[in-house]
Amino acid sequence: MKSDVIIIGGGLMGSSTALQLAMRGIHCTILEKQSPGRHASGVNAGGLRQLNRNPPEIPLTVEAAKMWRNIESLVDSDCDARFPGQLRVAENSDDLDLLEQRAEMVRSLGYEHEEMIGREELYRLAPALAPHCVGALICREDGYARPFHALTAFRHKARSLGVEYHVNTIVDAVERERGMWRVTTRKGEFQAPLLVNCAGGWAGQIAASLGEPVPLKPGAPMLMVTERLPHFIDPVIGSASRKLSFKQMQNGTLLIGGAHMANLDFHKESSEIEWPKLAVSARSVMALFPQLKDVRIVRTWAGVEAFMPDNLPVICKSSTAEDAWHAFGFSAHGFQLSPLVGRIVAELIIDGASSFPIEPFNITRF
Amino acid sequence: MKDHYQLVIIGAGPAGLAAATIAADHGVEVALLDEQPAPGGQIFRAIEAAPVERAEKLGPEYRRGAKLVTAFRDSSARYFPDTQVWSLSAHREIGVIHQQQARMITAEQVLIANGAFERPVPFPGWTLPGVINAGAGQILFKGSGIVPSDGVVLAGSGPLLLLLAWQYLRAGVKVKAVLDTISRVNYIKALPKLPGALLVHHHITQGLRYQQTLKLAGVELHNGIRDLQAHGKKSLESISYRHKGSKHRLKTDSLMIHFGIIPNIHLSQAAGCAHFWHKRQQCWRPELDKWGGSSIEGILIAGDGGGIGGARTAEHAGRIAAFRVLHNLEILNQQEVNHEAKQDRKWMKADLRIRPFLEKLFRIPDSMLKVPHDNAIVCRCEEVTAGEIRSAIAAGHSDSNQVKFLTRCGMGPCQGRQCSQAVAHIVADKTSIPLQQSMQFRIRPPLKPLTLGQLANLYPDETE
C-alpha cells in the first residue's frame with residue numbers, strides 16, 4: 001500500500017500531523033499498533049495548560065492556546081474544552097517566593113500569560129480552598145478538554161480529509177530502499193517516500209531503528225477520578241510545592257493527578273497502581289480541600305507516556321535518515337501542544353523549516 | 001487485623017467457609033474477609049439469624065448451610081465481617097476496608113471465593129423503580145422478611161425464578177405471573193443431557209415440585225416469552241411481553257427479574273488472572289486447574305466465582321482448594337492431598353452432573369443478550385443506551401474499552417459490573433468478532449469505592 005507519508009502512531013500527535021498534512025494536500029497513512037488513544041492520548045488528564053511551562057516550550061504553548069480557543073474551526077468539535085484558568089497555589093511564604101520568581105522570569109521573556117494573584121483574588125476564584133493559602137500564580141486563559149473526545153474529533157476530521165488509519169497494525173521493521181520507506185507490519189507492507197515517528201512510548205524503538213537511539217523512558221503517570229459532586233470549583237488547581245493537578249470536570253467528577261508513576265510492565269502494556277504514591281496525591285488533596293475526605297474514588301488508571309530526561313519533547317527532522325521526522329517524548333504534557341505540533345511537523349515536511357523556535361527539541365541534543 | 005496471613009480467603013459463602021475450616025484445622029493462619037455482617041454468603045444469608053419459621057419456608061437446602069457455618073465458627077480461622085476488598089494484585093497484596101479504615105494486607109496464598117452475581121440483561125424499562133433482581137428480592141425476604149405487598153410478576157430464566165415464586169407463594173404473596181424466556185426448543189435441546197442429570201434427581205424433583213405447587217395455586221406460568229418491557233412514568237406501572245405471537249400487557253408495580261448468575265470475576269481480573277469465554281454458561285470464567293489454582297501462582301478460586309456450579313459444588317471446591325493451599329504451604333504432601341480431596345472430588349463430580357442439563361435448559365436467548373432495543377439503558381450509572389453504544393461502534397470504536405472511552409459506559413461507581421457483559425455482546429454482534437476473542441473492560445481499581453480520606457491515611461509515612 002502506498003501513500004505520500006507514513007505516520008507511525010495514531011494518537012494525538014500522529015492524528016494532528018496527518019490532519020495538517022492532509023489540509024495541505026498530502027496523502028497520509030497512519031499505522032497504529034492498537035487503537036488510537038489506547039495510551040497517553042486517550043487517558044491523560046486533558047490539561048490545557050500554559051502555566052509553568054519549561055521556557056523553550058512557551059512560544060509553542062502560547063500559540064497552541066490560541067488554536068484550542070478556536071478548536072472547532074479545526075476539527076468540527078469543541079472537544080469539550082473549557083477555559084476556567086489554571087493556578088498554582090502558594091501555601092506559605094516560601095511557595096510565594098518561588099511563584100514570584102517564576103512570574104518574573106516569564107515576564108522577562110516577554111510573556112504576560114502568567115500572573116501573581118493575592119489571597120483575596122485567590123479565594124474569589126476558588127472559595128472552596130482550605131483557608132491557609134496565601135496567593136497563587138495563575139494563567140486565566142488555561143483550562144482543560146476531554147482527551148478521548150479530542151482525539152476522536154482529530155481522527156474523524158483527518159479521515160474525512162482522506163487520511164487512512166490502520167489499527168491493530170504493529171510495526172515490525174522500518175527500512176529505506178531506493179528513496180522509499182518500507183514499513184513491515186503484521187498486516188502487510190506499507191510504502192511511502194516520507195516517514196513520521198509519532199509512536200509515543202514506543203517512539204524510542206522507531207528512532208533506534210533509524211540509527212538515532214534516544215534515552216526515552218516510558219512511564220505511566222497515575223490518575224484517579226471520584227464520584228460526581230455538585231459543582232464547587234472552576235479553575236484547575238495545582239500547587240507550588242506539591243505534585244498535584246486537581247479539577248472538577250464538566251460532569252461533576254474530580255480528576256486528580258500528580259505525575260506519580262504506576263508500576264509499569266512496558267512489555268505487557270499493563271500497569272499496576274502504586275497505592276503508596278497515590279496516597280500522597282490523596283493527601284495533597286486533603287491538605288487543600290479537607291472537606292473532600294468522604295468523597296469516593298471510583299477509578300484509578302495510568303496510560304503509557306514517553307518521558308525524556310530533560311522533560312522536553314523531540315520535534316525535528318531525523319539527523320540520520322533521509323525524509324524522516326520525529327514528534328514524541330512529550331513527557332506527560334503534550335496534550336495542549338498537540339494541535340500545533342501537527343502544524344510544525346507539516347511545516348518541516350512541506351516548507352523545510354518551521355516558523356516556531358524548535359531548536360531545543362532537536363534529537364541531536366542527547 | 002494483622003498485616004500478613006498465610007491464607008486470606010475472600011468471601012464467606014459455602015466455598016470460603018469450607019476452605020477456611022479445613023485450612024484452620026490444619027494449623028494454617030487464616031483470615032476470612034466478607035462484606036456481609038454474618039457468614040453464609042448469598043445462598044445462606046442470615047442463616048444464623050433467620051427464625052426457624054422463615055428457615056422452614058426457605059426449604060431444606062438452606063439448612064445445609066447451618067452446618068457449614070457452625071464448623072467454621074468452631075475453627076480457629078479469623079473472621080472479618082463487614083470488610084470490603086478494593087484491590088488485589090498479582091503479588092497478593094490485598095486492599096481492604098475494615099472498620100471504615102483502608103488497609104493493605106498480604107498473604108502467602110489467596111483464595112477468591114466471592115461467588116456469583118445475577119446476570120444483568122438490559123431491556124427497556126429495566127431501570128425503573130419497582131423492577132428488581134429476584135436475588136435482591138430474595139435477600140430482602142431472607143434477611144428482613146420483606147415481601148412485595150401488592151403482588152409480583154417474576155420474569156426471566158434460571159432455577160432461582162421458580163424457587164422464589166415458590167417461596168413467595170408459601171409466604172402468602174400474590175404471584176401474578178411467572179414469565180419464562182425458556183422456549184420449547186430449550187427443553188428439546190436439554191433432553192439428551194437428562195440421563196446424566198437423573199443421577200442427581202434431587203435437583204430435578206425439587207424443580208418439578210416448585211412448578212407443580214405454583215400451577216396448583218393457579219399462578220400463570222408462561223414459557224417462551226419474548227420482548228419483555230417494563231413501562232411507567234416515574235416507577236413501574238405495567239409490563240408487556242410477547243407470547244405465542246401475540247402481545248400481552250399486565251399491570252404491576254413489582255417485577256422481579258432473573259437471568260441466571262455469572263461468576264464475579266472482578267477480583268481475579270484485577271489480579272490479572274487469565275479468563276476465557278464459557279459458551280455453555282454464557283459468561284467469562286477464570287482459567288483454573290483441577291485444584292482451583294488460577295494462572296497466577298498463589299491465587300486460587302473456588303465456588304461460583306470460578307464457574308457456576310451451585311452451593312454444594314462450591315463447598316467441595318472450597319475444600320479441594322484448601323487442600324491445594326496445604327500443599328503449597330508444605331503442610332501436606334501431594335499424596336496426602338490427593339487422598340484427602342478424593343471424597344470431595346467424587347461428590348463434586350456427582351453434583352455437577354446436572355449442569356449440562358440446566359445450562360441447556362436455562363440458556364438465555366442470544367437475541368436478548370445483545371440488547372436489541374436501542375432505547376434500553378445498558379449502563380445504569382452513566383445512563384448510556386444500547387443505541388449509543390451501537391453508534392459508537394459504527395463510528396469505528398470497535399472494542400469494549402473504546403466504547404467505554406467514548407460513551408463513559410462502565411465508568412460509574414459500579415465499575416462496569418452491570419454493563420460489561422452487555423457491551424461485549426453488542427460489540428461482538430456488531431463487529432462479528434467472536435466473544436472468545438473480544439476484550440472486556442480493563443479493570444480500574446478501587447473495586448469498591450474508597451474515599452479520598454481513607455486513601456490519604458493508607459501510607460502515612462510515604463512522601464513525594
# chains A, B, ... in the order shown; residues from 1 in each chain; ligands from 1
$ interface_residues --of "chain B" --to "chain A" --cutoff "10 Å" --atoms "only C-alpha atoms" --output "PyMOL selection string"
chain B and resi 87+89-90+95+104+270-272+395-399+401-402+405-407+411-415+442-464
$ select_by_dssp --residues "region 71-291 of chain B" --states "strand (DSSP E or B)" --output "ChimeraX atom specification"
/B:78-80,83-88,93-98,101-112,116-118,131-133,152-157,175-180,220-222,226-231,238-243,246-251,255-259,261-263,275-278,283-286
$ residues_around --residues "region 28-35 of chain B" --least-positions-apart "5" --cutoff "6 Å" --atoms "only C-alpha atoms" --output "list of chain:residue names"
B:Tyr5, B:Gln6, B:Leu7, B:Val8, B:Ile9, B:Ile10, B:Gly11, B:Ala12, B:Ala23, B:Ala77, B:Arg78, B:Tyr79, B:Phe80, B:Pro81, B:Asp82, B:Thr83, B:Gln84
$ residues_around --residues "Val131 (chain B)" --least-positions-apart "5" --cutoff "7 Å" --atoms "only C-alpha atoms" --output "number ranges by chain"
B: 126, 236, 254-256
$ closest_residue --among "B:Gly27, B:Gly158, B:Pro372, B:Gly387" --to "Ile331 (chain B)" --atoms "only C-alpha atoms"
B:Gly27
$ residues_around --residues "Val183 (chain A)" --least-positions-apart "4" --cutoff "8 Å" --atoms "only C-alpha atoms" --output "NGL selection string"
:A and (171-175 or 189-191)
$ write_last_selection --atoms "C-alpha atoms" --output "compact mmCIF listing (two decimals), in the first residue's frame"
# COMPACT_ATOMS: atom_id res chain seq x y z
CA VAL A 171 5.29 -2.21 13.01
CA ASP A 172 8.00 -4.89 12.84
CA ALA A 173 10.59 -3.22 10.68
CA VAL A 174 11.31 0.13 9.07
CA GLU A 175 13.69 0.16 6.10
CA GLU A 189 3.83 -3.90 3.95
CA PHE A 190 3.38 -0.15 3.58
CA GLN A 191 5.44 2.17 1.39
$ residues_around --residues "Val378 (chain B)" --least-positions-apart "5" --cutoff "12 Å" --atoms "only C-alpha atoms" --output "JSON, numbers by chain"
{"B": [120, 121, 122, 123, 124, 125, 126, 127, 369, 370, 371, 372, 373, 383, 384, 385, 386, 387, 388, 389, 390, 404, 407, 408, 409, 410, 416, 417, 418, 419, 420, 421, 422, 423, 424, 425, 426]}
$ residues_around --residues "Asn223 (chain B)" --least-positions-apart "4" --cutoff "10 Å" --atoms "only C-alpha atoms" --output "ChimeraX atom specification"
/B:156-157,178-184,243-244
$ write_last_selection --atoms "N, CA and C atoms" --output "compact mmCIF listing (two decimals), in the first residue's frame"
# COMPACT_ATOMS: atom_id res chain seq x y z
N GLY B 156 -37.94 -14.01 33.51
CA GLY B 156 -36.55 -14.33 33.19
C GLY B 156 -36.36 -15.81 33.01
N SER B 157 -35.28 -16.29 33.58
CA SER B 157 -34.91 -17.69 33.38
C SER B 157 -34.01 -18.12 34.52
N VAL B 178 -45.55 -15.94 36.29
CA VAL B 178 -44.14 -16.29 36.12
C VAL B 178 -43.91 -16.40 34.62
N LEU B 179 -43.10 -15.47 34.11
CA LEU B 179 -42.87 -15.39 32.67
C LEU B 179 -41.47 -15.87 32.36
N ASP B 180 -41.40 -17.00 31.69
CA ASP B 180 -40.11 -17.64 31.47
C ASP B 180 -39.67 -17.42 30.03
N THR B 181 -38.43 -17.01 29.86
CA THR B 181 -37.92 -16.82 28.49
C THR B 181 -37.50 -18.14 27.85
N ILE B 182 -37.53 -19.21 28.61
CA ILE B 182 -37.17 -20.51 28.04
C ILE B 182 -38.21 -20.91 27.00
N SER B 183 -37.72 -21.33 25.84
CA SER B 183 -38.67 -21.79 24.83
C SER B 183 -38.70 -23.31 24.83
N ARG B 184 -39.64 -23.85 24.11
CA ARG B 184 -39.73 -25.31 24.00
C ARG B 184 -38.45 -25.89 23.44
N HIS B 243 -46.09 -13.48 23.67
CA HIS B 243 -46.20 -14.91 23.95
C HIS B 243 -47.02 -15.55 22.85
N LYS B 244 -46.48 -16.57 22.23
CA LYS B 244 -47.13 -17.26 21.10
C LYS B 244 -47.62 -16.26 20.06
$ closest_residue --among "B:Gly309, B:Pro37, B:Gly245, B:Gly13" --to "Glu359 (chain B)" --atoms "only C-alpha atoms"
B:Gly309
$ select_by_dssp --residues "region 188-343 of chain B" --states "alpha helix (DSSP H)" --output "ChimeraX atom specification"
/B:188-190,194-198,201-216,266-271,310-328,334-343
$ atom_distance --atom1 "CA of Ile94 (chain B)" --atom2 "CA of Ala311 (chain B)"
25.6 Å
